[in-house]
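Chemist: Input start_10.tsv, format and content: TSV, C-alpha atoms.
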chain	number	residue	atom	x	y	z
Z	2	MET	CA	73.15	72.50	42.64
Z	3	GLU	CA	75.23	69.53	41.48
Z	4	ARG	CA	72.16	68.00	39.84
Z	5	LYS	CA	71.62	71.23	37.89
Z	6	LEU	CA	75.21	71.05	36.69
Z	7	VAL	CA	74.90	67.41	35.73
Z	8	THR	CA	71.62	68.11	33.94
Z	9	THR	CA	73.24	71.02	32.12
Z	10	VAL	CA	76.22	68.94	31.13
Z	11	TYR	CA	73.89	66.29	29.71
Z	12	ALA	CA	71.91	68.92	27.83
Z	13	VAL	CA	75.05	70.40	26.31
Z	14	ALA	CA	76.74	67.16	25.40
Z	15	SER	CA	77.16	66.88	21.67
Z	16	LEU	CA	78.83	63.49	21.69
Z	17	SER	CA	77.31	60.23	22.81
Z	18	VAL	CA	79.30	57.09	23.33
Z	19	ALA	CA	77.40	53.82	23.04
Z	20	LEU	CA	78.68	51.18	25.39
Z	21	ILE	CA	77.70	47.77	26.50
Z	22	ALA	CA	76.56	47.38	30.08
Z	23	CYS	CA	79.25	48.18	32.62
Z	24	GLN	CA	78.17	45.40	34.97
Z	25	PRO	CA	79.15	41.77	34.46
Z	26	ALA	CA	76.34	39.38	33.62
Z	27	PRO	CA	74.92	37.51	36.61
Z	28	THR	CA	76.15	33.98	37.07
Z	29	THR	CA	73.77	31.05	36.99
Z	30	SER	CA	73.72	28.15	39.42
Z	31	ASN	CA	73.90	24.54	38.27
Z	32	THR	CA	70.14	24.21	38.71
Z	33	ASN	CA	69.52	27.26	36.54
Z	34	ALA	CA	72.11	26.09	34.03
Z	35	ASN	CA	70.37	22.71	33.74
Z	36	ALA	CA	67.00	24.41	33.29
Z	37	ALA	CA	68.47	26.65	30.61
Z	38	ALA	CA	69.99	23.64	28.85
Z	39	ASN	CA	66.64	21.87	28.87
Z	40	THR	CA	64.87	24.83	27.25
Z	41	ALA	CA	67.70	25.92	24.94
Z	42	SER	CA	65.64	24.98	21.90
Z	43	THR	CA	63.62	28.21	22.09
Z	44	PRO	CA	65.18	31.45	20.81
Z	45	ALA	CA	64.32	33.37	23.98
Z	46	SER	CA	66.03	30.84	26.23
Z	47	ALA	CA	69.03	30.67	23.90
Z	48	GLU	CA	69.43	34.44	24.31
Z	49	ALA	CA	69.16	34.11	28.08
Z	50	GLY	CA	71.85	31.41	28.09
Z	51	ARG	CA	74.44	33.65	26.44
Z	52	ARG	CA	76.68	35.66	28.66
Z	53	THR	CA	78.05	39.07	27.92
Z	54	PRO	CA	81.71	39.27	28.88
Z	55	PRO	CA	82.37	41.82	31.62
Z	56	THR	CA	83.61	45.17	30.42
Z	57	ASP	CA	87.24	46.00	31.14
Z	58	LEU	CA	86.53	49.26	32.95
Z	59	GLU	CA	90.19	50.28	33.11
Z	60	ALA	CA	90.55	49.93	29.33
Z	61	LEU	CA	87.25	51.72	28.80
Z	62	ALA	CA	88.36	54.58	31.05
Z	63	GLN	CA	91.65	54.85	29.18
Z	64	ARG	CA	89.84	55.05	25.81
Z	65	LEU	CA	87.33	57.61	27.09
Z	66	VAL	CA	90.08	59.83	28.45
Z	67	THR	CA	92.61	59.59	25.63
Z	68	GLN	CA	90.57	58.90	22.49
Z	69	SER	CA	87.10	60.29	23.13
Z	70	ALA	CA	87.87	63.30	25.31
Z	71	GLY	CA	91.43	63.99	24.18
Z	72	VAL	CA	92.58	64.92	27.68
Z	73	LYS	CA	95.94	66.69	27.80
Z	74	GLU	CA	98.37	67.67	30.52
Z	75	ASN	CA	97.02	70.43	32.82
Z	76	ASP	CA	93.42	70.03	31.61
Z	77	ILE	CA	90.80	70.32	34.33
Z	78	VAL	CA	88.36	67.46	33.84
Z	79	LEU	CA	84.88	67.32	35.36
Z	80	ILE	CA	83.78	63.68	35.73
Z	81	SER	CA	80.18	63.07	36.74
Z	82	GLY	CA	78.06	60.00	37.32
Z	83	GLY	CA	76.23	57.88	39.85
Z	84	ALA	CA	77.27	55.52	42.61
Z	85	ARG	CA	76.51	52.40	40.54
Z	86	ASP	CA	79.37	53.40	38.19
Z	87	MET	CA	81.81	54.45	40.91
Z	88	GLU	CA	84.53	52.03	39.77
Z	89	LEU	CA	84.41	53.47	36.24
Z	90	LEU	CA	84.43	57.05	37.59
Z	91	GLU	CA	87.47	56.24	39.72
Z	92	ASP	CA	89.23	54.61	36.76
Z	93	ILE	CA	88.53	57.69	34.61
Z	94	ALA	CA	89.91	59.96	37.33
Z	95	VAL	CA	93.10	57.90	37.59
Z	96	GLN	CA	93.55	57.89	33.80
Z	97	VAL	CA	93.09	61.69	33.78
Z	98	ARG	CA	95.72	62.14	36.47
Z	99	LYS	CA	98.14	59.77	34.71
Z	100	LEU	CA	98.20	62.29	31.86
Z	101	GLY	CA	99.04	65.17	34.21
Z	102	ALA	CA	95.50	66.55	34.09
Z	103	HIS	CA	93.31	67.32	37.11
Z	104	PRO	CA	90.07	65.37	37.77
Z	105	LEU	CA	87.04	66.59	39.70
Z	106	VAL	CA	84.51	63.82	40.36
Z	107	THR	CA	80.87	64.62	41.18
Z	108	LEU	CA	78.18	62.11	42.13
Z	109	SER	CA	74.46	62.25	41.58
Z	110	SER	CA	71.53	59.96	42.23
Z	111	ASP	CA	67.85	59.74	41.47
Z	112	ARG	CA	67.14	60.28	45.16
Z	113	MET	CA	69.14	63.51	45.24
Z	114	ALA	CA	67.63	64.75	41.97
Z	115	LYS	CA	64.12	64.13	43.26
Z	116	ARG	CA	64.86	65.80	46.59
Z	117	MET	CA	66.36	68.82	44.82
Z	118	TYR	CA	62.94	69.17	43.25
Z	119	THR	CA	60.66	68.24	46.15
Z	120	ASP	CA	62.62	69.75	49.06
Z	121	VAL	CA	64.07	72.92	47.49
Z	122	PRO	CA	61.62	75.85	47.38
Z	123	GLU	CA	60.19	76.80	43.99
Z	124	ASN	CA	61.57	80.35	44.19
Z	125	TYR	CA	65.07	78.91	43.55
Z	126	ASP	CA	64.09	77.22	40.28
Z	127	SER	CA	65.00	80.31	38.26
Z	128	GLN	CA	68.12	81.19	40.28
Z	129	ALA	CA	71.24	81.63	38.16
Z	130	PRO	CA	73.48	78.55	38.64
Z	131	ALA	CA	76.60	80.32	39.91
Z	132	LEU	CA	78.61	77.12	40.39
Z	133	GLY	CA	77.77	75.88	36.89
Z	134	LEU	CA	78.90	79.19	35.38
Z	135	LYS	CA	82.19	79.09	37.30
Z	136	LEU	CA	82.80	75.48	36.29
Z	137	ALA	CA	82.10	76.36	32.65
Z	138	ASP	CA	84.89	78.93	32.90
Z	139	THR	CA	87.22	76.51	34.69
Z	140	VAL	CA	87.02	73.05	33.14
Z	141	ASN	CA	88.44	72.04	29.76
Z	142	VAL	CA	86.75	68.63	29.56
Z	143	VAL	CA	83.54	67.06	30.83
Z	144	ILE	CA	83.07	63.28	30.95
Z	145	SER	CA	79.54	62.34	32.05
Z	146	VAL	CA	78.37	58.83	32.83
Z	147	ASP	CA	74.56	58.71	32.81
Z	148	SER	CA	73.29	58.26	36.36
Z	149	ASN	CA	69.54	58.15	35.76
Z	150	GLU	CA	68.16	54.84	36.95
Z	151	ALA	CA	64.42	55.40	37.38
Z	152	GLU	CA	62.28	55.99	34.33
Z	153	GLY	CA	59.71	58.73	34.76
Z	154	LEU	CA	61.41	60.17	37.84
Z	155	PHE	CA	59.89	63.57	37.15
Z	156	ALA	CA	56.64	62.37	35.56
Z	157	ASP	CA	54.66	64.06	38.34
Z	158	ALA	CA	56.73	67.26	38.23
Z	159	ASP	CA	55.15	70.62	37.51
Z	160	PRO	CA	56.11	71.49	33.91
Z	161	LYS	CA	56.44	75.18	34.87
Z	162	ARG	CA	59.07	74.35	37.47
Z	163	LEU	CA	60.99	72.14	35.04
Z	164	ALA	CA	60.86	74.89	32.42
Z	165	ALA	CA	62.12	77.45	34.94
Z	166	ARG	CA	65.06	75.22	35.82
Z	167	GLY	CA	65.82	74.61	32.17
Z	168	SER	CA	65.77	78.34	31.40
Z	169	ALA	CA	68.03	79.08	34.38
Z	170	SER	CA	70.61	76.56	33.15
Z	171	GLU	CA	70.73	77.83	29.55
Z	172	PRO	CA	73.53	80.35	30.24
Z	173	VAL	CA	75.67	77.52	31.61
Z	174	ALA	CA	75.15	75.44	28.49
Z	175	ALA	CA	75.97	78.43	26.32
Z	176	ARG	CA	79.14	79.12	28.29
Z	177	PHE	CA	80.34	75.51	27.97
Z	178	LEU	CA	79.89	75.82	24.21
Z	179	ARG	CA	81.47	79.28	24.02
Z	180	ASN	CA	84.50	78.04	25.94
Z	181	ASN	CA	84.87	74.99	23.64
Z	182	VAL	CA	84.73	72.57	26.55
Z	183	ARG	CA	85.28	69.06	25.19
Z	184	GLN	CA	82.41	66.81	26.26
Z	185	VAL	CA	81.84	63.07	26.28
Z	186	ASN	CA	78.53	61.61	27.41
Z	187	VAL	CA	78.47	57.89	28.26
Before anything else, please render the file you have as structure tokens.

Modeler:
Amino acid sequence: MERKLVTTVYAVASLSVALIACQPAPTTSNTNANAAANTASTPASAEAGRRTPPTDLEALAQRLVTQSAGVKENDIVLISGGARDMELLEDIAVQVRKLGAHPLVTLSSDRMAKRMYTDVPENYDSQAPALGLKLADTVNVVISVDSNEAEGLFADADPKRLAARGSASEPVAARFLRNNVRQVNV
């Protein structure tokens, strides 16, 4: 059910925020550093030798909440994402609460998404997403951090089942839009 909501939120999102990777670049050992120095004359190795500074997740969360989403006191904010971005999700939730708004954090994963497809009977694919509809009437803001990690996760999925799920979630997307829910997709 949560995956349906997250999928719906992604489908409805009209804003997309481009960000650099949220993880710091891996460090190199002295041996690797020496090898990189020896091959630094090639463009590919020069690129590999550069390090991207780690992202200040607290500052990013503050900008997402205040500038991108425009969170205000008493807003109810749905924050969704995956475990790999838990620190960012937590920082967003704290920034939301610091403004007197109310965060609700949901987690998703490729494993759960796949199991919702493989383990849940097909007859529920077209079931109206009651929780999604209630959330669309409750929340003022949605901040979604993309949690998809595996490419082609549903490559082997039956297109009819995917279409049924998409059709079932359309009323949720429409309700988010009708209710002018502010949405930020990261």

Chemist: Looking at Z:Leu61, Z:Ala137, Z:Leu79, Z:Val142, which one is nearest to Arg183 in chain Z, with distances taken over all atoms listed in the file?

Modeler: Z:Val142

Chemist: Taking only C-alpha atoms into account, name the residue in Z:Gly153, Z:Pro160, Z:Pro172, Z:Gly167 that is nearest to Ala131 in chain Z.

Modeler: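 Using only C-alpha atoms, Ala131 in chain Z sits closest to Z:Pro172.
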
Chemist: Here's a test: counting only C-alpha atoms, identify every protein, DNA and RNA residue with an atom at most 12 Å from (67.5, 58.6, 42.8) in the file's coordinate frame, and state them as a list in words.

Modeler: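 Within the cut-off we find Arg4, Gly82, Gly83, Ala84, Arg85, Leu108, Ser109, Ser110, Asp111, Arg112, Met113, Ala114, Lys115, Arg116, Met117, Tyr118, Ser148, Asn149, Glu150, Ala151, Glu152, Gly153, Leu154 and Phe155 of chain Z.
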
Chemist: Take CA of Glu123 in chain Z and CA of Ala174 in chain Z and report the distance between them in Å, one decimal.

Modeler: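 Computing it gives 21.6 Å between the two atoms.
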
Chemist: Can you work out the spacing between CA of Val182 in chain Z and CA of Ser81 in chain Z in Å, to one decimal?

Modeler: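 So the two atoms, CA of Val182 in chain Z and CA of Ser81 in chain Z, lie 14.7 Å apart.
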
Chemist: Mind giving me the straight-line distance from CA of Ile93 in chain Z to CA of Asn75 in chain Z in Å, one decimal?

Modeler: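 Interatomic distance here is 15.4 Å.
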
Chemist: I'd like to know which of Z:Thr56, Z:Gly101, Z:Glu91, Z:Gln96 is closest to Asp76 in chain Z, using only C-alpha atoms.

Modeler: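 Closest to Asp76 in chain Z of all the choices is Z:Gly101.
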
Chemist: Using all atoms listed in the file, pick whichever of Z:Val106, Z:Val173, Z:Val95, Z:Ile80 has the shortest atom-to-atom distance to Leu136 in chain Z.

Modeler: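 When distances to Leu136 in chain Z are compared using all atoms listed in the file, the smallest one comes from Z:Val173.
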